[in-house]
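As provided, entry.tsv (TSV, N, CA and C atoms) reads as follows.
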```tsv
chain	number	residue	atom	x	y	z
A	1	MET	N	0.26	-17.17	1.23
A	1	MET	CA	-0.48	-16.27	0.36
A	1	MET	C	-0.43	-14.87	0.97
A	2	ALA	N	-0.02	-13.91	0.19
A	2	ALA	CA	0.06	-12.53	0.62
A	2	ALA	C	-1.26	-11.81	0.35
A	3	VAL	N	-1.47	-10.73	1.10
A	3	VAL	CA	-2.62	-9.87	0.89
A	3	VAL	C	-2.09	-8.49	0.52
A	4	HIS	N	-2.61	-7.93	-0.56
A	4	HIS	CA	-2.19	-6.62	-1.05
A	4	HIS	C	-3.42	-5.71	-1.14
A	5	MET	N	-3.20	-4.42	-0.90
A	5	MET	CA	-4.28	-3.44	-1.05
A	5	MET	C	-3.85	-2.36	-2.03
A	6	ILE	N	-4.73	-2.08	-2.99
A	6	ILE	CA	-4.51	-1.01	-3.96
A	6	ILE	C	-5.22	0.23	-3.45
A	7	VAL	N	-4.46	1.34	-3.33
A	7	VAL	CA	-5.03	2.58	-2.80
A	7	VAL	C	-5.17	3.68	-3.85
A	8	ALA	N	-4.51	3.53	-4.99
A	8	ALA	CA	-4.60	4.52	-6.06
A	8	ALA	C	-4.21	3.85	-7.38
A	9	VAL	N	-4.67	4.44	-8.48
A	9	VAL	CA	-4.41	3.86	-9.80
A	9	VAL	C	-4.03	4.93	-10.81
A	10	ARG	N	-3.39	4.49	-11.88
A	10	ARG	CA	-3.12	5.34	-13.04
A	10	ARG	C	-3.67	4.59	-14.26
A	11	PHE	N	-4.53	5.27	-15.00
A	11	PHE	CA	-5.12	4.68	-16.20
A	11	PHE	C	-4.32	5.05	-17.43
A	12	ASN	N	-4.52	4.32	-18.52
A	12	ASN	CA	-3.87	4.64	-19.79
A	12	ASN	C	-4.48	5.92	-20.36
A	13	ALA	N	-3.96	6.37	-21.50
A	13	ALA	CA	-4.38	7.65	-22.08
A	13	ALA	C	-5.88	7.70	-22.41
A	14	THR	N	-6.45	6.55	-22.78
A	14	THR	CA	-7.87	6.53	-23.12
A	14	THR	C	-8.76	6.30	-21.89
A	15	GLY	N	-8.15	6.01	-20.75
A	15	GLY	CA	-8.90	5.87	-19.51
A	15	GLY	C	-9.68	4.59	-19.35
A	16	ASP	N	-9.35	3.57	-20.15
A	16	ASP	CA	-10.12	2.33	-20.06
A	16	ASP	C	-9.36	1.15	-19.45
A	17	ARG	N	-8.08	1.33	-19.14
A	17	ARG	CA	-7.29	0.25	-18.55
A	17	ARG	C	-6.35	0.81	-17.49
A	18	VAL	N	-6.22	0.07	-16.40
A	18	VAL	CA	-5.27	0.45	-15.36
A	18	VAL	C	-3.88	0.09	-15.85
A	19	GLU	N	-2.96	1.06	-15.79
A	19	GLU	CA	-1.57	0.83	-16.19
A	19	GLU	C	-0.65	0.65	-15.00
A	20	GLN	N	-0.90	1.40	-13.93
A	20	GLN	CA	-0.08	1.33	-12.73
A	20	GLN	C	-0.97	1.39	-11.50
A	21	VAL	N	-0.43	0.88	-10.40
A	21	VAL	CA	-1.15	0.92	-9.13
A	21	VAL	C	-0.22	1.44	-8.04
A	22	ARG	N	-0.80	2.04	-7.03
A	22	ARG	CA	-0.08	2.32	-5.79
A	22	ARG	C	-0.65	1.30	-4.80
A	23	TRP	N	0.22	0.41	-4.31
A	23	TRP	CA	-0.27	-0.67	-3.46
A	23	TRP	C	0.77	-1.06	-2.43
A	24	GLY	N	0.38	-1.91	-1.52
A	24	GLY	CA	1.29	-2.40	-0.50
A	24	GLY	C	0.75	-3.67	0.12
A	25	ARG	N	1.62	-4.36	0.83
A	25	ARG	CA	1.20	-5.57	1.54
A	25	ARG	C	0.40	-5.18	2.76
A	26	ALA	N	-0.55	-5.99	3.08
A	26	ALA	CA	-1.43	-5.70	4.21
A	26	ALA	C	-1.58	-6.93	5.09
A	27	VAL	N	-2.01	-6.70	6.30
A	27	VAL	CA	-2.39	-7.77	7.22
A	27	VAL	C	-3.73	-7.36	7.80
A	28	ARG	N	-4.47	-8.35	8.24
A	28	ARG	CA	-5.74	-8.04	8.88
A	28	ARG	C	-5.55	-7.98	10.39
A	29	LYS	N	-6.03	-6.91	11.00
A	29	LYS	CA	-5.99	-6.79	12.45
A	29	LYS	C	-6.97	-7.78	13.05
A	30	SER	N	-6.88	-7.98	14.33
A	30	SER	CA	-7.75	-8.96	14.99
A	30	SER	C	-9.23	-8.65	14.80
A	31	GLU	N	-9.59	-7.36	14.70
A	31	GLU	CA	-11.01	-7.01	14.50
A	31	GLU	C	-11.41	-7.06	13.02
A	32	GLY	N	-10.47	-7.41	12.14
A	32	GLY	CA	-10.79	-7.60	10.73
A	32	GLY	C	-10.43	-6.44	9.83
A	33	SER	N	-10.11	-5.27	10.37
A	33	SER	CA	-9.76	-4.14	9.52
A	33	SER	C	-8.34	-4.32	8.99
A	34	PRO	N	-8.06	-3.75	7.82
A	34	PRO	CA	-6.72	-3.90	7.24
A	34	PRO	C	-5.71	-2.96	7.87
A	35	SER	N	-4.47	-3.37	7.87
A	35	SER	CA	-3.39	-2.47	8.26
A	35	SER	C	-2.20	-2.74	7.36
A	36	TRP	N	-1.33	-1.76	7.24
A	36	TRP	CA	-0.21	-1.87	6.32
A	36	TRP	C	0.92	-2.67	6.93
A	37	HIS	N	1.50	-3.52	6.09
A	37	HIS	CA	2.67	-4.30	6.48
A	37	HIS	C	3.95	-3.59	6.03
A	38	ALA	N	3.83	-2.80	4.97
A	38	ALA	CA	4.98	-2.07	4.43
A	38	ALA	C	4.46	-0.81	3.76
A	39	GLU	N	5.36	0.03	3.34
A	39	GLU	CA	4.98	1.25	2.63
A	39	GLU	C	4.37	0.90	1.27
A	40	THR	N	3.51	1.78	0.79
A	40	THR	CA	2.96	1.58	-0.54
A	40	THR	C	3.98	2.02	-1.59
A	41	VAL	N	3.91	1.39	-2.74
A	41	VAL	CA	4.79	1.72	-3.87
A	41	VAL	C	3.96	1.79	-5.14
A	42	GLU	N	4.47	2.53	-6.11
A	42	GLU	CA	3.83	2.60	-7.42
A	42	GLU	C	4.50	1.61	-8.34
A	43	GLN	N	3.68	0.72	-8.92
A	43	GLN	CA	4.24	-0.32	-9.78
A	43	GLN	C	3.31	-0.59	-10.96
A	44	ASP	N	3.87	-1.23	-11.96
A	44	ASP	CA	3.13	-1.60	-13.16
A	44	ASP	C	2.04	-2.60	-12.80
A	45	VAL	N	0.92	-2.52	-13.50
A	45	VAL	CA	-0.21	-3.41	-13.23
A	45	VAL	C	0.16	-4.88	-13.46
A	46	ASN	N	1.20	-5.15	-14.25
A	46	ASN	CA	1.60	-6.54	-14.49
A	46	ASN	C	2.04	-7.24	-13.20
A	47	LEU	N	2.53	-6.49	-12.22
A	47	LEU	CA	2.89	-7.10	-10.95
A	47	LEU	C	1.64	-7.52	-10.17
A	48	VAL	N	0.56	-6.78	-10.32
A	48	VAL	CA	-0.72	-7.19	-9.72
A	48	VAL	C	-1.21	-8.46	-10.39
A	49	ILE	N	-1.13	-8.49	-11.70
A	49	ILE	CA	-1.55	-9.68	-12.46
A	49	ILE	C	-0.73	-10.89	-12.03
A	50	ASP	N	0.58	-10.72	-11.89
A	50	ASP	CA	1.43	-11.82	-11.42
A	50	ASP	C	1.02	-12.28	-10.03
A	51	ALA	N	0.76	-11.34	-9.13
A	51	ALA	CA	0.36	-11.70	-7.77
A	51	ALA	C	-0.93	-12.51	-7.77
A	52	LEU	N	-1.88	-12.14	-8.61
A	52	LEU	CA	-3.13	-12.89	-8.70
A	52	LEU	C	-2.89	-14.30	-9.25
A	53	HIS	N	-2.01	-14.41	-10.24
A	53	HIS	CA	-1.68	-15.73	-10.78
A	53	HIS	C	-1.01	-16.62	-9.73
A	54	PHE	N	-0.24	-16.02	-8.83
A	54	PHE	CA	0.43	-16.77	-7.76
A	54	PHE	C	-0.49	-17.09	-6.59
A	55	GLY	N	-1.74	-16.63	-6.65
A	55	GLY	CA	-2.71	-16.96	-5.61
A	55	GLY	C	-2.80	-15.94	-4.49
A	56	ASP	N	-2.14	-14.80	-4.63
A	56	ASP	CA	-2.25	-13.75	-3.62
A	56	ASP	C	-3.63	-13.11	-3.70
A	57	GLU	N	-4.06	-12.56	-2.58
A	57	GLU	CA	-5.31	-11.81	-2.53
A	57	GLU	C	-4.98	-10.34	-2.75
A	58	VAL	N	-5.72	-9.70	-3.64
A	58	VAL	CA	-5.55	-8.27	-3.91
A	58	VAL	C	-6.92	-7.63	-3.80
A	59	ALA	N	-6.99	-6.53	-3.07
A	59	ALA	CA	-8.25	-5.82	-2.89
A	59	ALA	C	-8.01	-4.33	-2.99
A	60	THR	N	-9.09	-3.59	-3.11
A	60	THR	CA	-9.02	-2.14	-3.07
A	60	THR	C	-9.10	-1.70	-1.62
A	61	ALA	N	-8.61	-0.50	-1.34
A	61	ALA	CA	-8.70	0.08	-0.01
A	61	ALA	C	-9.04	1.55	-0.16
A	62	PHE	N	-10.04	2.00	0.55
A	62	PHE	CA	-10.52	3.37	0.45
A	62	PHE	C	-10.34	4.09	1.77
A	63	GLN	N	-9.86	5.31	1.70
A	63	GLN	CA	-9.67	6.14	2.88
A	63	GLN	C	-10.99	6.85	3.17
A	64	VAL	N	-11.52	6.64	4.37
A	64	VAL	CA	-12.74	7.31	4.81
A	64	VAL	C	-12.43	7.93	6.15
A	65	GLY	N	-12.26	9.23	6.14
A	65	GLY	CA	-11.83	9.91	7.36
A	65	GLY	C	-10.43	9.44	7.74
A	66	ASN	N	-10.27	8.98	8.98
A	66	ASN	CA	-8.98	8.46	9.44
A	66	ASN	C	-8.87	6.96	9.28
A	67	ASP	N	-9.88	6.33	8.72
A	67	ASP	CA	-9.91	4.87	8.61
A	67	ASP	C	-9.64	4.42	7.18
A	68	THR	N	-9.00	3.27	7.06
A	68	THR	CA	-8.83	2.60	5.77
A	68	THR	C	-9.84	1.47	5.72
A	69	LEU	N	-10.75	1.53	4.75
A	69	LEU	CA	-11.77	0.51	4.60
A	69	LEU	C	-11.45	-0.40	3.44
A	70	LEU	N	-11.53	-1.69	3.67
A	70	LEU	CA	-11.30	-2.67	2.62
A	70	LEU	C	-12.44	-2.64	1.63
A	71	GLY	N	-12.11	-2.49	0.36
A	71	GLY	CA	-13.12	-2.48	-0.70
A	71	GLY	C	-13.19	-3.83	-1.39
A	72	PRO	N	-13.82	-3.87	-2.56
A	72	PRO	CA	-13.94	-5.13	-3.30
A	72	PRO	C	-12.58	-5.70	-3.69
A	73	ARG	N	-12.54	-7.02	-3.79
A	73	ARG	CA	-11.32	-7.70	-4.23
A	73	ARG	C	-11.13	-7.48	-5.73
A	74	ILE	N	-9.91	-7.74	-6.17
A	74	ILE	CA	-9.51	-7.57	-7.57
A	74	ILE	C	-9.51	-8.93	-8.26
A	75	ARG	N	-9.92	-8.92	-9.51
A	75	ARG	CA	-9.92	-10.14	-10.33
A	75	ARG	C	-9.22	-9.85	-11.65
A	76	LEU	N	-8.81	-10.91	-12.31
A	76	LEU	CA	-8.23	-10.80	-13.65
A	76	LEU	C	-9.33	-10.68	-14.68
A	77	ILE	N	-9.09	-9.88	-15.71
A	77	ILE	CA	-10.00	-9.82	-16.84
A	77	ILE	C	-9.16	-9.93	-18.11
A	78	LEU	N	-9.81	-10.29	-19.20
A	78	LEU	CA	-9.13	-10.38	-20.49
A	78	LEU	C	-9.68	-9.33	-21.43
A	79	TYR	N	-8.77	-8.54	-22.00
A	79	TYR	CA	-9.14	-7.60	-23.04
A	79	TYR	C	-8.96	-8.31	-24.38
A	80	GLU	N	-9.26	-7.61	-25.45
A	80	GLU	CA	-9.06	-8.19	-26.78
A	80	GLU	C	-7.60	-8.57	-26.98
A	81	HIS	N	-7.38	-9.51	-27.83
A	81	HIS	CA	-6.04	-10.02	-28.17
A	81	HIS	C	-5.38	-10.71	-26.98
A	82	GLY	N	-6.16	-11.13	-25.98
A	82	GLY	CA	-5.63	-11.90	-24.86
A	82	GLY	C	-4.83	-11.10	-23.84
A	83	ILE	N	-4.94	-9.78	-23.88
A	83	ILE	CA	-4.21	-8.95	-22.91
A	83	ILE	C	-4.94	-8.98	-21.58
A	84	GLU	N	-4.19	-9.27	-20.51
A	84	GLU	CA	-4.79	-9.35	-19.19
A	84	GLU	C	-4.82	-7.98	-18.53
A	85	GLY	N	-5.83	-7.80	-17.70
A	85	GLY	CA	-5.98	-6.58	-16.93
A	85	GLY	C	-6.63	-6.91	-15.61
A	86	ILE	N	-7.03	-5.87	-14.87
A	86	ILE	CA	-7.67	-6.07	-13.57
A	86	ILE	C	-8.97	-5.28	-13.49
A	87	ASP	N	-9.85	-5.76	-12.63
A	87	ASP	CA	-11.10	-5.08	-12.31
A	87	ASP	C	-11.53	-5.56	-10.94
A	88	THR	N	-12.50	-4.89	-10.35
A	88	THR	CA	-13.02	-5.38	-9.06
A	88	THR	C	-13.98	-6.53	-9.32
A	89	ILE	N	-14.06	-7.43	-8.35
A	89	ILE	CA	-14.96	-8.58	-8.49
A	89	ILE	C	-16.40	-8.12	-8.59
A	90	ASP	N	-16.80	-7.21	-7.71
A	90	ASP	CA	-18.15	-6.67	-7.76
A	90	ASP	C	-18.04	-5.22	-8.20
A	91	HIS	N	-18.00	-5.01	-9.51
A	91	HIS	CA	-17.77	-3.67	-10.02
A	91	HIS	C	-19.04	-2.81	-10.06
A	92	ASN	N	-20.13	-3.29	-9.46
A	92	ASN	CA	-21.35	-2.51	-9.42
A	92	ASN	C	-21.60	-1.87	-8.06
A	93	VAL	N	-20.60	-1.92	-7.17
A	93	VAL	CA	-20.75	-1.30	-5.86
A	93	VAL	C	-20.49	0.20	-6.03
A	94	PRO	N	-21.50	1.04	-5.84
A	94	PRO	CA	-21.31	2.48	-6.04
A	94	PRO	C	-20.20	3.04	-5.14
A	95	GLY	N	-19.29	3.80	-5.75
A	95	GLY	CA	-18.22	4.43	-5.01
A	95	GLY	C	-17.08	3.53	-4.61
A	96	ARG	N	-17.07	2.28	-5.06
A	96	ARG	CA	-16.03	1.33	-4.65
A	96	ARG	C	-15.45	0.56	-5.84
A	97	THR	N	-15.25	1.24	-6.97
A	97	THR	CA	-14.65	0.60	-8.13
A	97	THR	C	-13.23	1.15	-8.32
A	98	LEU	N	-12.49	0.59	-9.25
A	98	LEU	CA	-11.16	1.11	-9.56
A	98	LEU	C	-11.25	2.57	-10.02
A	99	MET	N	-12.31	2.94	-10.70
A	99	MET	CA	-12.49	4.32	-11.16
A	99	MET	C	-12.67	5.29	-9.99
A	100	ASP	N	-13.08	4.79	-8.83
A	100	ASP	CA	-13.32	5.63	-7.66
A	100	ASP	C	-12.08	5.83	-6.80
A	101	LEU	N	-11.02	5.08	-7.06
A	101	LEU	CA	-9.78	5.25	-6.31
A	101	LEU	C	-9.09	6.55	-6.72
A	102	PRO	N	-8.29	7.12	-5.85
A	102	PRO	CA	-7.51	8.30	-6.23
A	102	PRO	C	-6.59	7.98	-7.41
A	103	ARG	N	-6.28	8.99	-8.19
A	103	ARG	CA	-5.38	8.84	-9.35
A	103	ARG	C	-4.02	9.44	-9.01
A	104	PHE	N	-2.99	8.95	-9.63
A	104	PHE	CA	-1.66	9.52	-9.46
A	104	PHE	C	-0.99	9.66	-10.81
```
Take the structure in the file and write it out as C-alpha coordinates.
Amino acid sequence: MAVHMIVAVRFNATGDRVEQVRWGRAVRKSEGSPSWHAETVEQDVNLVIDALHFGDEVATAFQVGNDTLLGPRIRLILYEHGIEGIDTIDHNVPGRTLMDLPRF
(Lines of atoms letter the chains of each structure in order from A and count residues from 1; the text may use other names and numbers.)
(Lines give C-alpha, C1' and ligand atoms only; values in the text may rest on other atoms or scores of the structure.)
Protein backbone atom coordinates (compact mmCIF):
# COMPACT_ATOMS: atom_id res chain seq x y z
CA MET A 1 0.00 0.00 0.00
CA ALA A 2 1.41 3.35 -1.04
CA VAL A 3 1.06 6.63 0.83
CA HIS A 4 0.43 9.82 -1.16
CA MET A 5 0.25 13.45 -0.03
CA ILE A 6 -1.72 16.17 -1.79
CA VAL A 7 -0.07 19.59 -1.46
CA ALA A 8 -2.15 21.70 -3.87
CA VAL A 9 -5.42 21.46 -5.82
CA ARG A 10 -7.20 22.88 -8.84
CA PHE A 11 -10.97 23.21 -8.67
CA ASN A 12 -13.46 23.24 -11.55
CA ALA A 13 -14.89 26.53 -12.88
CA THR A 14 -17.66 26.61 -10.27
CA GLY A 15 -15.24 25.85 -7.43
CA ASP A 16 -17.16 22.92 -6.01
CA ARG A 17 -15.08 19.93 -7.20
CA VAL A 18 -11.39 19.15 -7.29
CA GLU A 19 -10.28 18.53 -10.89
CA GLN A 20 -6.53 18.14 -10.46
CA VAL A 21 -4.06 17.64 -7.63
CA ARG A 22 -0.38 18.25 -7.08
CA TRP A 23 0.76 15.19 -5.15
CA GLY A 24 3.57 12.74 -4.60
CA ARG A 25 4.46 9.51 -2.87
CA ALA A 26 5.48 9.84 0.72
CA VAL A 27 7.07 7.80 3.47
CA ARG A 28 6.86 8.32 7.18
CA LYS A 29 10.10 9.15 8.98
CA SER A 30 10.90 7.30 12.17
CA GLU A 31 9.46 10.16 14.27
CA GLY A 32 6.21 10.00 12.26
CA SER A 33 6.52 13.12 10.12
CA PRO A 34 6.05 12.73 6.36
CA SER A 35 8.83 12.99 3.82
CA TRP A 36 8.80 12.86 0.05
CA HIS A 37 9.66 9.69 -1.81
CA ALA A 38 9.55 11.38 -5.23
CA GLU A 39 8.85 14.74 -6.79
CA THR A 40 5.30 16.03 -6.79
CA VAL A 41 3.36 16.02 -10.05
CA GLU A 42 0.12 17.57 -11.24
CA GLN A 43 -2.44 14.96 -12.23
CA ASP A 44 -6.14 14.48 -12.79
CA VAL A 45 -8.20 13.75 -9.68
CA ASN A 46 -9.21 10.40 -11.24
CA LEU A 47 -5.75 9.07 -10.39
CA VAL A 48 -6.40 9.89 -6.73
CA ILE A 49 -9.74 8.10 -6.96
CA ASP A 50 -8.02 5.07 -8.50
CA ALA A 51 -5.37 5.06 -5.76
CA LEU A 52 -8.09 5.07 -3.08
CA HIS A 53 -9.89 2.19 -4.82
CA PHE A 54 -6.61 0.23 -4.83
CA GLY A 55 -6.28 0.72 -1.06
CA ASP A 56 -3.57 3.38 -1.05
CA GLU A 57 -3.58 5.99 1.69
CA VAL A 58 -3.98 9.58 0.50
CA ALA A 59 -3.75 12.58 2.81
CA THR A 60 -3.33 16.31 2.65
CA ALA A 61 -0.03 17.96 3.53
CA PHE A 62 0.35 21.55 4.65
CA GLN A 63 3.50 23.64 4.65
CA VAL A 64 4.01 25.42 7.98
CA GLY A 65 7.26 27.31 8.02
CA ASN A 66 9.98 24.86 6.98
CA ASP A 67 7.94 21.82 8.03
CA THR A 68 5.46 19.70 6.11
CA LEU A 69 2.58 18.71 8.38
CA LEU A 70 0.32 15.79 7.58
CA GLY A 71 -3.30 16.91 7.36
CA PRO A 72 -6.56 14.95 7.23
CA ARG A 73 -6.78 11.86 5.05
CA ILE A 74 -8.74 11.85 1.81
CA ARG A 75 -11.92 9.86 1.22
CA LEU A 76 -14.12 9.14 -1.77
CA ILE A 77 -17.42 10.97 -2.12
CA LEU A 78 -20.25 10.62 -4.60
CA TYR A 79 -21.73 13.57 -6.45
CA GLU A 80 -25.02 13.44 -8.31
CA HIS A 81 -25.26 10.98 -11.20
CA GLY A 82 -22.73 8.68 -9.48
CA ILE A 83 -19.68 10.83 -10.23
CA GLU A 84 -16.88 10.18 -7.76
CA GLY A 85 -14.81 12.87 -6.15
CA ILE A 86 -12.62 13.45 -3.11
CA ASP A 87 -12.89 15.24 0.22
CA THR A 88 -11.09 15.14 3.55
CA ILE A 89 -12.30 12.60 6.08
CA ASP A 90 -12.68 15.26 8.76
CA HIS A 91 -13.68 18.26 6.70
CA ASN A 92 -14.54 20.34 9.78
CA VAL A 93 -10.93 20.89 10.86
CA PRO A 94 -10.39 24.65 10.51
CA GLY A 95 -7.60 25.47 8.08
CA ARG A 96 -7.06 21.85 7.03
CA THR A 97 -9.55 21.17 4.23
CA LEU A 98 -9.03 20.81 0.49
CA MET A 99 -10.20 24.43 0.16
CA ASP A 100 -7.28 25.49 2.39
CA LEU A 101 -4.58 23.93 0.20
CA PRO A 102 -2.70 26.15 -2.25
CA ARG A 103 -4.23 26.42 -5.74
CA PHE A 104 -2.43 25.99 -9.04
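Taking atom CA of Met99 of chain A as the reference point, atom CA of Arg75 of chain A is found at 14.7 Å.
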Self-check item: Polymer residues at most 8 Å from Glu39 of chain A, only N, CA and C atoms, same-chain spacing of 6 or more positions, as a PyMOL selection string
Solution: chain A and resi 22-25
Quiz item: Around (0.5, -5.0, -10.9) in the file's frame, which residues reach within 12 Å when counting only C-alpha atoms? Return as a ChimeraX atom specification?
Solution: /A:4-6,8-10,18-24,41-53,56,58-59,74-76,84-87
Quiz item: Hey, which of A:Val27, A:Asn12, A:Gly95, A:Arg17 ends up closest to Glu80 of chain A? Count only C-alpha atoms.
Solution: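 Comparing A:Val27, A:Asn12, A:Gly95, A:Arg17 against Glu80 of chain A, the winner is A:Arg17.
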Practice problem: DSSP on the backbone, then: every residue of segment 4-78 of chain A marked alpha helix (DSSP H), written as a list in words. | Solution: Val45, Asn46, Leu47, Val48, Ile49, Asp50, Ala51, Leu52 and His53 of chain A
Quiz item: Just how far from atom CA of Ala61 of chain A is atom C of Leu101 of chain A, in Å to one decimal?
Solution: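 Between atom C of Leu101 of chain A and atom CA of Ala61 of chain A the gap works out to 9.3 Å.
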Practice problem: Determine which residues of chain A DSSP labels as strand (DSSP E or B) from the backbone of this structure, then write them out as a PyMOL selection string. | Solution: chain A and resi 3-11+18-28+34-36+41-44+57-64+67-78+84-88+103
Quiz item: Interatomic distance between atom N of Met1 of chain A and atom C of Gly55 of chain A?
Solution: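 Between these atoms lies a distance of 6.6 Å.
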